[in-house]
file model_25.pdb (PDB, C-alpha atoms and all ligand atoms)
ATOM      1  CA  MET R   1       0.000   0.000   0.000  1.00  0.00           C
ATOM      2  CA  SER R   2       1.248   3.467  -0.781  1.00  0.00           C
ATOM      3  CA  PHE R   3       2.003   5.931   2.000  1.00  0.00           C
ATOM      4  CA  THR R   4       2.978   9.453   0.995  1.00  0.00           C
ATOM      5  CA  VAL R   5       4.888  11.982   3.041  1.00  0.00           C
ATOM      6  CA  ALA R   6       4.950  15.534   1.617  1.00  0.00           C
ATOM      7  CA  ILE R   7       7.679  17.824   2.933  1.00  0.00           C
ATOM      8  CA  ASP R   8       7.727  21.457   1.852  1.00  0.00           C
ATOM      9  CA  GLY R   9       9.618  24.523   2.945  1.00  0.00           C
ATOM     10  CA  PRO R  10      12.109  27.205   1.902  1.00  0.00           C
ATOM     11  CA  ALA R  11      15.746  26.736   0.901  1.00  0.00           C
ATOM     12  CA  ALA R  12      18.156  25.495   3.575  1.00  0.00           C
ATOM     13  CA  ALA R  13      15.441  24.862   6.168  1.00  0.00           C
ATOM     14  CA  GLY R  14      16.613  21.259   6.501  1.00  0.00           C
ATOM     15  CA  LYS R  15      13.896  19.514   4.502  1.00  0.00           C
ATOM     16  CA  GLY R  16      16.386  17.605   2.344  1.00  0.00           C
ATOM     17  CA  THR R  17      18.209  16.182   5.363  1.00  0.00           C
ATOM     18  CA  ILE R  18      14.934  15.364   7.107  1.00  0.00           C
ATOM     19  CA  SER R  19      13.487  13.754   3.967  1.00  0.00           C
ATOM     20  CA  LYS R  20      16.488  11.488   3.461  1.00  0.00           C
ATOM     21  CA  ALA R  21      16.502  10.431   7.118  1.00  0.00           C
ATOM     22  CA  VAL R  22      12.742   9.801   7.143  1.00  0.00           C
ATOM     23  CA  ALA R  23      13.000   7.729   3.949  1.00  0.00           C
ATOM     24  CA  ALA R  24      15.844   5.662   5.429  1.00  0.00           C
ATOM     25  CA  HIS R  25      13.998   5.197   8.739  1.00  0.00           C
ATOM     26  CA  PHE R  26      10.733   3.969   7.203  1.00  0.00           C
ATOM     27  CA  GLY R  27      12.171   2.341   4.058  1.00  0.00           C
ATOM     28  CA  PHE R  28      10.346   4.803   1.775  1.00  0.00           C
ATOM     29  CA  HIS R  29      11.496   5.977  -1.655  1.00  0.00           C
ATOM     30  CA  HIS R  30      12.700   9.593  -1.711  1.00  0.00           C
ATOM     31  CA  LEU R  31      12.401  12.257  -4.408  1.00  0.00           C
ATOM     32  CA  ASP R  32      14.052  15.657  -4.023  1.00  0.00           C
ATOM     33  CA  THR R  33      11.765  17.537  -6.435  1.00  0.00           C
ATOM     34  CA  GLY R  34      14.059  20.580  -6.364  1.00  0.00           C
ATOM     35  CA  LEU R  35      16.443  18.509  -8.474  1.00  0.00           C
ATOM     36  CA  LEU R  36      13.883  18.419 -11.304  1.00  0.00           C
ATOM     37  CA  TYR R  37      13.723  22.221 -11.368  1.00  0.00           C
ATOM     38  CA  ARG R  38      17.480  22.522 -10.951  1.00  0.00           C
ATOM     39  CA  ALA R  39      18.087  20.194 -13.910  1.00  0.00           C
ATOM     40  CA  VAL R  40      15.720  22.225 -16.107  1.00  0.00           C
ATOM     41  CA  GLY R  41      17.252  25.464 -14.793  1.00  0.00           C
ATOM     42  CA  LYS R  42      20.728  24.252 -15.673  1.00  0.00           C
ATOM     43  CA  LYS R  43      19.676  23.343 -19.197  1.00  0.00           C
ATOM     44  CA  ALA R  44      17.970  26.725 -19.567  1.00  0.00           C
ATOM     45  CA  LEU R  45      21.191  28.426 -18.429  1.00  0.00           C
ATOM     46  CA  ASN R  46      23.129  26.509 -21.058  1.00  0.00           C
ATOM     47  CA  TYR R  47      20.592  27.646 -23.634  1.00  0.00           C
ATOM     48  CA  SER R  48      20.672  31.329 -22.695  1.00  0.00           C
ATOM     49  CA  ARG R  49      22.156  33.003 -19.642  1.00  0.00           C
ATOM     50  CA  THR R  50      19.977  36.091 -20.005  1.00  0.00           C
ATOM     51  CA  SER R  51      16.368  35.049 -20.663  1.00  0.00           C
ATOM     52  CA  TYR R  52      14.091  32.160 -19.820  1.00  0.00           C
ATOM     53  CA  TYR R  53      11.758  31.438 -22.742  1.00  0.00           C
ATOM     54  CA  PRO R  54       8.610  29.596 -21.588  1.00  0.00           C
ATOM     55  CA  GLU R  55       8.347  27.371 -24.694  1.00  0.00           C
ATOM     56  CA  ILE R  56      12.021  26.396 -24.537  1.00  0.00           C
ATOM     57  CA  ALA R  57      11.889  25.756 -20.792  1.00  0.00           C
ATOM     58  CA  GLU R  58       8.769  23.612 -21.238  1.00  0.00           C
ATOM     59  CA  GLN R  59      10.532  21.557 -23.919  1.00  0.00           C
ATOM     60  CA  LEU R  60      13.550  21.115 -21.650  1.00  0.00           C
ATOM     61  CA  ALA R  61      11.266  19.921 -18.853  1.00  0.00           C
ATOM     62  CA  LEU R  62       9.483  17.461 -21.150  1.00  0.00           C
ATOM     63  CA  GLU R  63      12.830  16.043 -22.317  1.00  0.00           C
ATOM     64  CA  LEU R  64      14.274  15.608 -18.812  1.00  0.00           C
ATOM     65  CA  THR R  65      15.934  12.212 -18.244  1.00  0.00           C
ATOM     66  CA  ALA R  66      16.982  10.335 -15.110  1.00  0.00           C
ATOM     67  CA  GLU R  67      20.573  10.989 -16.177  1.00  0.00           C
ATOM     68  CA  ASP R  68      20.007  14.769 -16.069  1.00  0.00           C
ATOM     69  CA  LEU R  69      19.218  14.449 -12.361  1.00  0.00           C
ATOM     70  CA  GLN R  70      22.621  12.839 -11.717  1.00  0.00           C
ATOM     71  CA  ALA R  71      24.583  15.888 -12.942  1.00  0.00           C
ATOM     72  CA  THR R  72      27.139  16.852 -10.306  1.00  0.00           C
ATOM     73  CA  ASP R  73      26.787  20.630 -10.659  1.00  0.00           C
ATOM     74  CA  LEU R  74      23.102  21.080  -9.806  1.00  0.00           C
ATOM     75  CA  ARG R  75      23.830  22.431  -6.306  1.00  0.00           C
ATOM     76  CA  THR R  76      25.481  25.711  -7.296  1.00  0.00           C
ATOM     77  CA  ALA R  77      24.026  29.105  -6.325  1.00  0.00           C
ATOM     78  CA  GLU R  78      23.657  29.999 -10.006  1.00  0.00           C
ATOM     79  CA  VAL R  79      21.642  26.869 -10.800  1.00  0.00           C
ATOM     80  CA  ALA R  80      19.487  27.434  -7.684  1.00  0.00           C
ATOM     81  CA  GLN R  81      18.485  30.897  -8.930  1.00  0.00           C
ATOM     82  CA  ALA R  82      17.862  29.552 -12.457  1.00  0.00           C
ATOM     83  CA  ALA R  83      15.685  26.776 -10.992  1.00  0.00           C
ATOM     84  CA  SER R  84      13.646  29.304  -9.057  1.00  0.00           C
ATOM     85  CA  LYS R  85      13.199  31.395 -12.231  1.00  0.00           C
ATOM     86  CA  ILE R  86      12.033  28.595 -14.530  1.00  0.00           C
ATOM     87  CA  ALA R  87       9.814  27.294 -11.674  1.00  0.00           C
ATOM     88  CA  VAL R  88       7.477  30.283 -12.113  1.00  0.00           C
ATOM     89  CA  ILE R  89       6.647  29.145 -15.682  1.00  0.00           C
ATOM     90  CA  PRO R  90       3.307  27.267 -15.543  1.00  0.00           C
ATOM     91  CA  GLN R  91       4.122  25.017 -18.544  1.00  0.00           C
ATOM     92  CA  VAL R  92       7.308  23.839 -16.816  1.00  0.00           C
ATOM     93  CA  ARG R  93       5.406  22.914 -13.662  1.00  0.00           C
ATOM     94  CA  THR R  94       2.732  21.093 -15.676  1.00  0.00           C
ATOM     95  CA  ALA R  95       5.392  19.109 -17.565  1.00  0.00           C
ATOM     96  CA  LEU R  96       6.806  17.836 -14.253  1.00  0.00           C
ATOM     97  CA  VAL R  97       3.550  17.007 -12.448  1.00  0.00           C
ATOM     98  CA  GLN R  98       2.869  13.460 -13.633  1.00  0.00           C
ATOM     99  CA  PHE R  99       6.329  12.113 -12.826  1.00  0.00           C
ATOM    100  CA  GLN R 100       6.009  13.413  -9.250  1.00  0.00           C
ATOM    101  CA  LYS R 101       2.455  12.080  -8.779  1.00  0.00           C
ATOM    102  CA  THR R 102       3.457   8.633 -10.024  1.00  0.00           C
ATOM    103  CA  PHE R 103       6.509   8.602  -7.743  1.00  0.00           C
ATOM    104  CA  ALA R 104       4.299   9.485  -4.762  1.00  0.00           C
ATOM    105  CA  LYS R 105       2.014   6.498  -5.278  1.00  0.00           C
ATOM    106  CA  GLN R 106       4.716   3.819  -5.223  1.00  0.00           C
ATOM    107  CA  GLU R 107       4.277   0.720  -3.131  1.00  0.00           C
ATOM    108  CA  ASP R 108       6.489   0.791   0.008  1.00  0.00           C
ATOM    109  CA  GLY R 109       5.825   4.491   0.540  1.00  0.00           C
ATOM    110  CA  ALA R 110       7.375   7.702  -0.727  1.00  0.00           C
ATOM    111  CA  VAL R 111       8.743  10.957   0.644  1.00  0.00           C
ATOM    112  CA  LEU R 112       8.778  13.952  -1.691  1.00  0.00           C
ATOM    113  CA  ASP R 113      10.271  17.280  -0.711  1.00  0.00           C
ATOM    114  CA  GLY R 114       9.809  20.589  -2.463  1.00  0.00           C
ATOM    115  CA  ARG R 115       7.625  23.693  -2.372  1.00  0.00           C
ATOM    116  CA  ASP R 116       4.172  22.553  -3.561  1.00  0.00           C
ATOM    117  CA  ILE R 117       4.051  18.877  -2.626  1.00  0.00           C
ATOM    118  CA  GLY R 118       1.392  19.140   0.097  1.00  0.00           C
ATOM    119  CA  THR R 119      -0.689  21.663  -1.824  1.00  0.00           C
ATOM    120  CA  VAL R 120      -0.519  20.704  -5.535  1.00  0.00           C
ATOM    121  CA  ILE R 121       1.320  17.437  -6.179  1.00  0.00           C
ATOM    122  CA  CYS R 122      -0.027  15.363  -3.273  1.00  0.00           C
ATOM    123  CA  PRO R 123      -2.947  17.212  -1.682  1.00  0.00           C
ATOM    124  CA  ASP R 124      -4.062  13.838  -0.228  1.00  0.00           C
ATOM    125  CA  ALA R 125      -0.659  12.941   1.265  1.00  0.00           C
ATOM    126  CA  ASP R 126      -0.869  10.848   4.424  1.00  0.00           C
ATOM    127  CA  VAL R 127       1.470  13.223   6.257  1.00  0.00           C
ATOM    128  CA  LYS R 128       2.387  16.803   5.371  1.00  0.00           C
ATOM    129  CA  LEU R 129       5.264  18.667   6.981  1.00  0.00           C
ATOM    130  CA  PHE R 130       6.285  22.274   6.435  1.00  0.00           C
ATOM    131  CA  VAL R 131       9.901  22.649   7.492  1.00  0.00           C
ATOM    132  CA  THR R 132      11.143  26.171   7.999  1.00  0.00           C
ATOM    133  CA  ALA R 133      13.741  28.308   9.843  1.00  0.00           C
ATOM    134  CA  SER R 134      14.520  32.016  10.027  1.00  0.00           C
ATOM    135  CA  ALA R 135      16.125  33.531   6.922  1.00  0.00           C
ATOM    136  CA  ARG R 136      19.321  34.397   8.892  1.00  0.00           C
ATOM    137  CA  VAL R 137      19.728  30.839  10.151  1.00  0.00           C
ATOM    138  CA  ARG R 138      19.123  29.405   6.681  1.00  0.00           C
ATOM    139  CA  ALA R 139      21.561  31.844   5.057  1.00  0.00           C
ATOM    140  CA  ASP R 140      24.143  30.972   7.696  1.00  0.00           C
ATOM    141  CA  ARG R 141      23.793  27.243   6.942  1.00  0.00           C
ATOM    142  CA  ARG R 142      24.084  27.853   3.194  1.00  0.00           C
ATOM    143  CA  PHE R 143      27.061  30.184   3.757  1.00  0.00           C
ATOM    144  CA  LYS R 144      28.939  27.503   5.742  1.00  0.00           C
ATOM    145  CA  GLU R 145      28.251  24.967   2.996  1.00  0.00           C
ATOM    146  CA  LEU R 146      29.312  27.244   0.122  1.00  0.00           C
ATOM    147  CA  SER R 147      32.306  28.898   1.822  1.00  0.00           C
ATOM    148  CA  ALA R 148      33.792  25.469   2.620  1.00  0.00           C
ATOM    149  CA  LYS R 149      34.158  25.005  -1.142  1.00  0.00           C
ATOM    150  CA  ASP R 150      34.867  28.620  -2.086  1.00  0.00           C
ATOM    151  CA  PRO R 151      36.394  30.908   0.611  1.00  0.00           C
ATOM    152  CA  SER R 152      35.579  34.049  -1.421  1.00  0.00           C
ATOM    153  CA  VAL R 153      31.818  33.620  -0.823  1.00  0.00           C
ATOM    154  CA  GLU R 154      30.310  36.476   1.242  1.00  0.00           C
ATOM    155  CA  PHE R 155      27.576  36.027   3.834  1.00  0.00           C
ATOM    156  CA  GLU R 156      25.634  39.094   2.702  1.00  0.00           C
ATOM    157  CA  GLN R 157      25.426  37.793  -0.879  1.00  0.00           C
ATOM    158  CA  VAL R 158      24.221  34.389   0.319  1.00  0.00           C
ATOM    159  CA  TYR R 159      21.619  36.099   2.546  1.00  0.00           C
ATOM    160  CA  GLN R 160      20.358  38.226  -0.359  1.00  0.00           C
ATOM    161  CA  ASP R 161      20.168  35.126  -2.597  1.00  0.00           C
ATOM    162  CA  VAL R 162      18.144  33.234   0.007  1.00  0.00           C
ATOM    163  CA  MET R 163      15.743  36.184   0.398  1.00  0.00           C
ATOM    164  CA  ALA R 164      15.366  36.618  -3.385  1.00  0.00           C
ATOM    165  CA  ARG R 165      14.619  32.922  -3.845  1.00  0.00           C
ATOM    166  CA  ASP R 166      12.111  32.904  -0.948  1.00  0.00           C
ATOM    167  CA  ALA R 167      10.285  35.877  -2.455  1.00  0.00           C
ATOM    168  CA  ARG R 168      10.162  34.390  -5.954  1.00  0.00           C
ATOM    169  CA  ASP R 169       9.068  30.947  -4.714  1.00  0.00           C
ATOM    170  CA  ALA R 170       6.405  32.327  -2.349  1.00  0.00           C
ATOM    171  CA  GLU R 171       4.980  35.074  -4.551  1.00  0.00           C
ATOM    172  CA  ARG R 172       4.607  33.297  -7.898  1.00  0.00           C
ATOM    173  CA  ASP R 173       1.060  32.848  -9.234  1.00  0.00           C
ATOM    174  CA  VAL R 174       1.251  29.099  -9.859  1.00  0.00           C
ATOM    175  CA  ALA R 175       1.880  26.650  -7.020  1.00  0.00           C
ATOM    176  CA  PRO R 176       3.545  29.140  -4.673  1.00  0.00           C
ATOM    177  CA  MET R 177       5.492  27.897  -1.678  1.00  0.00           C
ATOM    178  CA  VAL R 178       2.957  27.846   1.140  1.00  0.00           C
ATOM    179  CA  ALA R 179       2.197  25.519   4.028  1.00  0.00           C
ATOM    180  CA  ALA R 180      -0.886  23.364   3.389  1.00  0.00           C
ATOM    181  CA  ASP R 181      -3.657  23.996   5.934  1.00  0.00           C
ATOM    182  CA  ASP R 182      -3.165  20.490   7.323  1.00  0.00           C
ATOM    183  CA  ALA R 183       0.663  20.564   7.372  1.00  0.00           C
ATOM    184  CA  HIS R 184       2.618  20.106  10.616  1.00  0.00           C
ATOM    185  CA  LEU R 185       5.060  22.949  11.069  1.00  0.00           C
ATOM    186  CA  ILE R 186       8.655  22.145  12.096  1.00  0.00           C
ATOM    187  CA  ASP R 187      10.819  25.199  12.772  1.00  0.00           C
ATOM    188  CA  THR R 188      14.435  24.037  12.760  1.00  0.00           C
ATOM    189  CA  SER R 189      15.949  27.422  13.738  1.00  0.00           C
ATOM    190  CA  THR R 190      16.954  26.191  17.181  1.00  0.00           C
ATOM    191  CA  LEU R 191      16.858  22.417  16.622  1.00  0.00           C
ATOM    192  CA  SER R 192      19.824  20.130  16.024  1.00  0.00           C
ATOM    193  CA  ILE R 193      19.643  17.938  12.917  1.00  0.00           C
ATOM    194  CA  GLU R 194      18.826  14.924  15.082  1.00  0.00           C
ATOM    195  CA  GLU R 195      16.059  16.792  16.944  1.00  0.00           C
ATOM    196  CA  ALA R 196      14.517  17.922  13.651  1.00  0.00           C
ATOM    197  CA  ILE R 197      14.599  14.369  12.264  1.00  0.00           C
ATOM    198  CA  GLN R 198      13.040  12.963  15.434  1.00  0.00           C
ATOM    199  CA  ALA R 199      10.273  15.607  15.302  1.00  0.00           C
ATOM    200  CA  ALA R 200       9.422  14.512  11.744  1.00  0.00           C
ATOM    201  CA  ILE R 201       9.529  10.813  12.596  1.00  0.00           C
ATOM    202  CA  ALA R 202       7.220  11.396  15.578  1.00  0.00           C
ATOM    203  CA  VAL R 203       4.578  13.051  13.366  1.00  0.00           C
ATOM    204  CA  ILE R 204       4.723  10.177  10.853  1.00  0.00           C
ATOM    205  CA  ASP R 205       4.684   7.505  13.573  1.00  0.00           C
ATOM    206  CA  ALA R 206       1.548   9.069  15.029  1.00  0.00           C
ATOM    207  CA  LYS R 207      -0.169   8.742  11.641  1.00  0.00           C
ATOM    208  CA  LYS R 208       0.982   5.208  10.730  1.00  0.00           C
TER
HETATM  209  O1  LIG R 301      14.684  22.647  -3.055  1.00  0.00           O
HETATM  210  P1  LIG R 301      15.698  23.349  -3.966  1.00  0.00           P
HETATM  211  O2  LIG R 301      16.408  24.480  -3.272  1.00  0.00           O
HETATM  212  O3  LIG R 301      16.647  22.400  -4.596  1.00  0.00           O
HETATM  213  O4  LIG R 301      14.805  23.986  -5.156  1.00  0.00           O
HETATM  214  C1  LIG R 301      15.358  24.791  -6.180  1.00  0.00           C
HETATM  215  C2  LIG R 301      14.267  25.672  -6.746  1.00  0.00           C
HETATM  216  O5  LIG R 301      13.318  24.864  -7.465  1.00  0.00           O
HETATM  217  C3  LIG R 301      13.436  26.445  -5.731  1.00  0.00           C
HETATM  218  O6  LIG R 301      13.994  27.723  -5.447  1.00  0.00           O
HETATM  219  C4  LIG R 301      12.089  26.557  -6.376  1.00  0.00           C
HETATM  220  C5  LIG R 301      12.000  25.364  -7.296  1.00  0.00           C
HETATM  221  N1  LIG R 301      11.124  24.303  -6.779  1.00  0.00           N
HETATM  222  C6  LIG R 301       9.773  24.435  -6.983  1.00  0.00           C
HETATM  223  O7  LIG R 301       9.326  25.457  -7.490  1.00  0.00           O
HETATM  224  N2  LIG R 301       8.930  23.442  -6.608  1.00  0.00           N
HETATM  225  C7  LIG R 301       9.395  22.332  -6.029  1.00  0.00           C
HETATM  226  N3  LIG R 301       8.534  21.366  -5.686  1.00  0.00           N
HETATM  227  C8  LIG R 301      10.775  22.189  -5.779  1.00  0.00           C
HETATM  228  C9  LIG R 301      11.629  23.198  -6.152  1.00  0.00           C
END

call {"tool": "encode", "arguments": {"input": "model_25.pdb", "output": "structure tokens", "more": "lines below"}}
Ligand code: DC
result
Amino acid sequence: MSFTVAIDGPAAAGKGTISKAVAAHFGFHHLDTGLLYRAVGKKALNYSRTSYYPEIAEQLALELTAEDLQATDLRTAEVAQAASKIAVIPQVRTALVQFQKTFAKQEDGAVLDGRDIGTVICPDADVKLFVTASARVRADRRFKELSAKDPSVEFEQVYQDVMARDARDAERDVAPMVAADDAHLIDTSTLSIEEAIQAAIAVIDAKK
């Protein structure tokens, strides 16, 4: 029987870490849906670094392959911004819906994390979590991650990027990032990774 866990929230709130841990704990399949948008965003960047054409972006989304999701450079700040930009295009979102819905209904259970999982992709999910943290805390986490690879990265730039992405993801017309009415809120601002994971597992255990 399928069991779907929908985990939404802004960048660097911890939803990826929580999703992976929850999937491992319960033996569920896991899909990081941000990777779909990142892969399309990266292809759109390769096509043109200045404009995002809806018809082109839609075509890129329709042609996405499993291999595209394995690319090693999908986690850069530039690709993150591109992903957020092509994610406002309704045709791109539509092109990616069916794959996500099918993934969610797998036997053995599935965890999907993203921005619109509990509201648009899986409105009937068995458990919905909205994982968040203050913008400063999230920027600080992202800064530590990025500056470990590139010491020239500046906190203020990372903070501005996080804020810009939040605004674009939350204010778009189609499938904006918003907590579903029936989502459980987990604020990780003052939680350790282990505490955040345990909070998520407790909510799911209560439902199972
Ligand atoms: O989760 P992430 O940071 O990898 O996501 C990258 C971008 O993709 C995010 O800024 C907005 C978009 N996205 C989306 O619109 N809907 C999703 N379900 C997942 C990601």

call {"tool": "closest_atom_pairs", "arguments": {"input": "model_25.pdb", "of": "range 103-196 of chain R", "to": "range 25-45 of chain R", "cutoff": "9 Å", "atoms": "all atoms listed in the file", "output": "tab-separated table"}}
result
residue	atom	partner	partner_atom	distance
R:Phe103	CA	R:Leu31	CA	7.7
R:Ala104	CA	R:Leu31	CA	8.6
R:Gln106	CA	R:His29	CA	8.0
R:Glu107	CA	R:Phe28	CA	8.8
R:Asp108	CA	R:Phe28	CA	5.8
R:Gly109	CA	R:Phe28	CA	4.7
R:Ala110	CA	R:His29	CA	4.6
R:Val111	CA	R:His30	CA	4.8
R:Leu112	CA	R:Leu31	CA	4.8
R:Asp113	CA	R:Asp32	CA	5.3
R:Gly114	CA	R:Thr33	CA	5.4
R:Arg115	CA	R:Gly34	CA	8.2
R:Ile117	CA	R:Thr33	CA	8.7

call {"tool": "closest_residue", "arguments": {"input": "model_25.pdb", "among": "R:Glu67, R:Pro54, R:Pro10, R:Leu129", "to": "Ile204 in chain R", "atoms": "only C-alpha atoms"}}
result
R:Leu129

call {"tool": "atom_distance", "arguments": {"input": "model_25.pdb", "atom1": "CA of Ile89 in chain R", "atom2": "CA of Ile7 in chain R"}}
result
21.8 Å

call {"tool": "closest_residue", "arguments": {"input": "model_25.pdb", "among": "R:Ala200, R:Ala80, R:Val22, R:Ile121", "to": "Gln100 in chain R", "atoms": "only C-alpha atoms"}}
result
R:Ile121

call {"tool": "atom_distance", "arguments": {"input": "model_25.pdb", "atom1": "CA of Ile18 in chain R", "atom2": "CA of Lys105 in chain R"}}
result
20.0 Å

call {"tool": "closest_residue", "arguments": {"input": "model_25.pdb", "among": "R:Val174, R:Ala95, R:Ala196, R:Leu60", "to": "Thr17 in chain R", "atoms": "all atoms listed in the file"}}
result
R:Ala196

call {"tool": "resolve_selection", "arguments": {"input": "model_25.pdb", "expression": "the PyMOL selection byres (((chain R and resi 172) around 10) and not hetatm)", "output": "list in words"}}
result
Ser84, Lys85, Ala87, Val88, Ile89, Pro90, Ala167, Arg168, Asp169, Ala170, Glu171, Asp173, Val174, Ala175, Pro176 and Met177 of chain R

call {"tool": "atom_distance", "arguments": {"input": "model_25.pdb", "atom1": "atom C8 of ligand LIG 301 (chain R)", "atom2": "CA of Gln91 in chain R"}}
result
14.7 Å

call {"tool": "closest_residue", "arguments": {"input": "model_25.pdb", "among": "R:Ser48, R:Ser147, R:Thr132, R:Thr102", "to": "Asp166 in chain R", "atoms": "all atoms listed in the file"}}
result
R:Thr132

call {"tool": "axis_aligned_box", "arguments": {"input": "model_25.pdb", "around": "range 156-164 of chain R", "padding_each_side": "5 Å", "output": "lines of an AutoDock Vina configuration file"}}
result
center_x = 20.5
center_y = 36.2
center_z = -0.3
size_x = 20.3
size_y = 15.9
size_z = 16.1

call {"tool": "closest_residue", "arguments": {"input": "model_25.pdb", "among": "R:Asp73, R:Glu195, R:Asp124, R:Asp181", "to": "ligand LIG 301 (chain R)", "atoms": "only C-alpha atoms and all ligand atoms"}}
result
R:Asp73

call {"tool": "residues_near_point", "arguments": {"input": "model_25.pdb", "point": "(-3.2, 11.6, 3.5)", "cutoff": "10 Å", "atoms": "all atoms listed in the file", "output": "PyMOL selection string"}}
result
chain R and resi 3-6+118+122-128+182+207

call {"tool": "closest_residue", "arguments": {"input": "model_25.pdb", "among": "R:Val92, R:Leu62, R:Leu69, R:Ala83", "to": "ligand LIG 301 (chain R)", "atoms": "only C-alpha atoms and all ligand atoms"}}
result
R:Ala83

call {"tool": "residues_around", "arguments": {"input": "model_25.pdb", "residues": "Ala133 in chain R", "least_positions_apart": "3", "cutoff": "8 Å", "atoms": "only C-alpha atoms", "output": "JSON, numbers by chain"}}
result
{"R": [13, 137, 138, 187, 188, 189]}

call {"tool": "resolve_selection", "arguments": {"input": "model_25.pdb", "expression": "the PyMOL selection byres (((chain R and resi 156) around 12) and not hetatm)", "output": "ChimeraX atom specification"}}
result
/R:135-136,139-140,142-143,152-155,157-163

call {"tool": "residues_around", "arguments": {"input": "model_25.pdb", "residues": "Val131 in chain R", "least_positions_apart": "5", "cutoff": "6 Å", "atoms": "only C-alpha atoms", "output": "PyMOL selection string"}}
result
chain R and resi 9+15+186-187
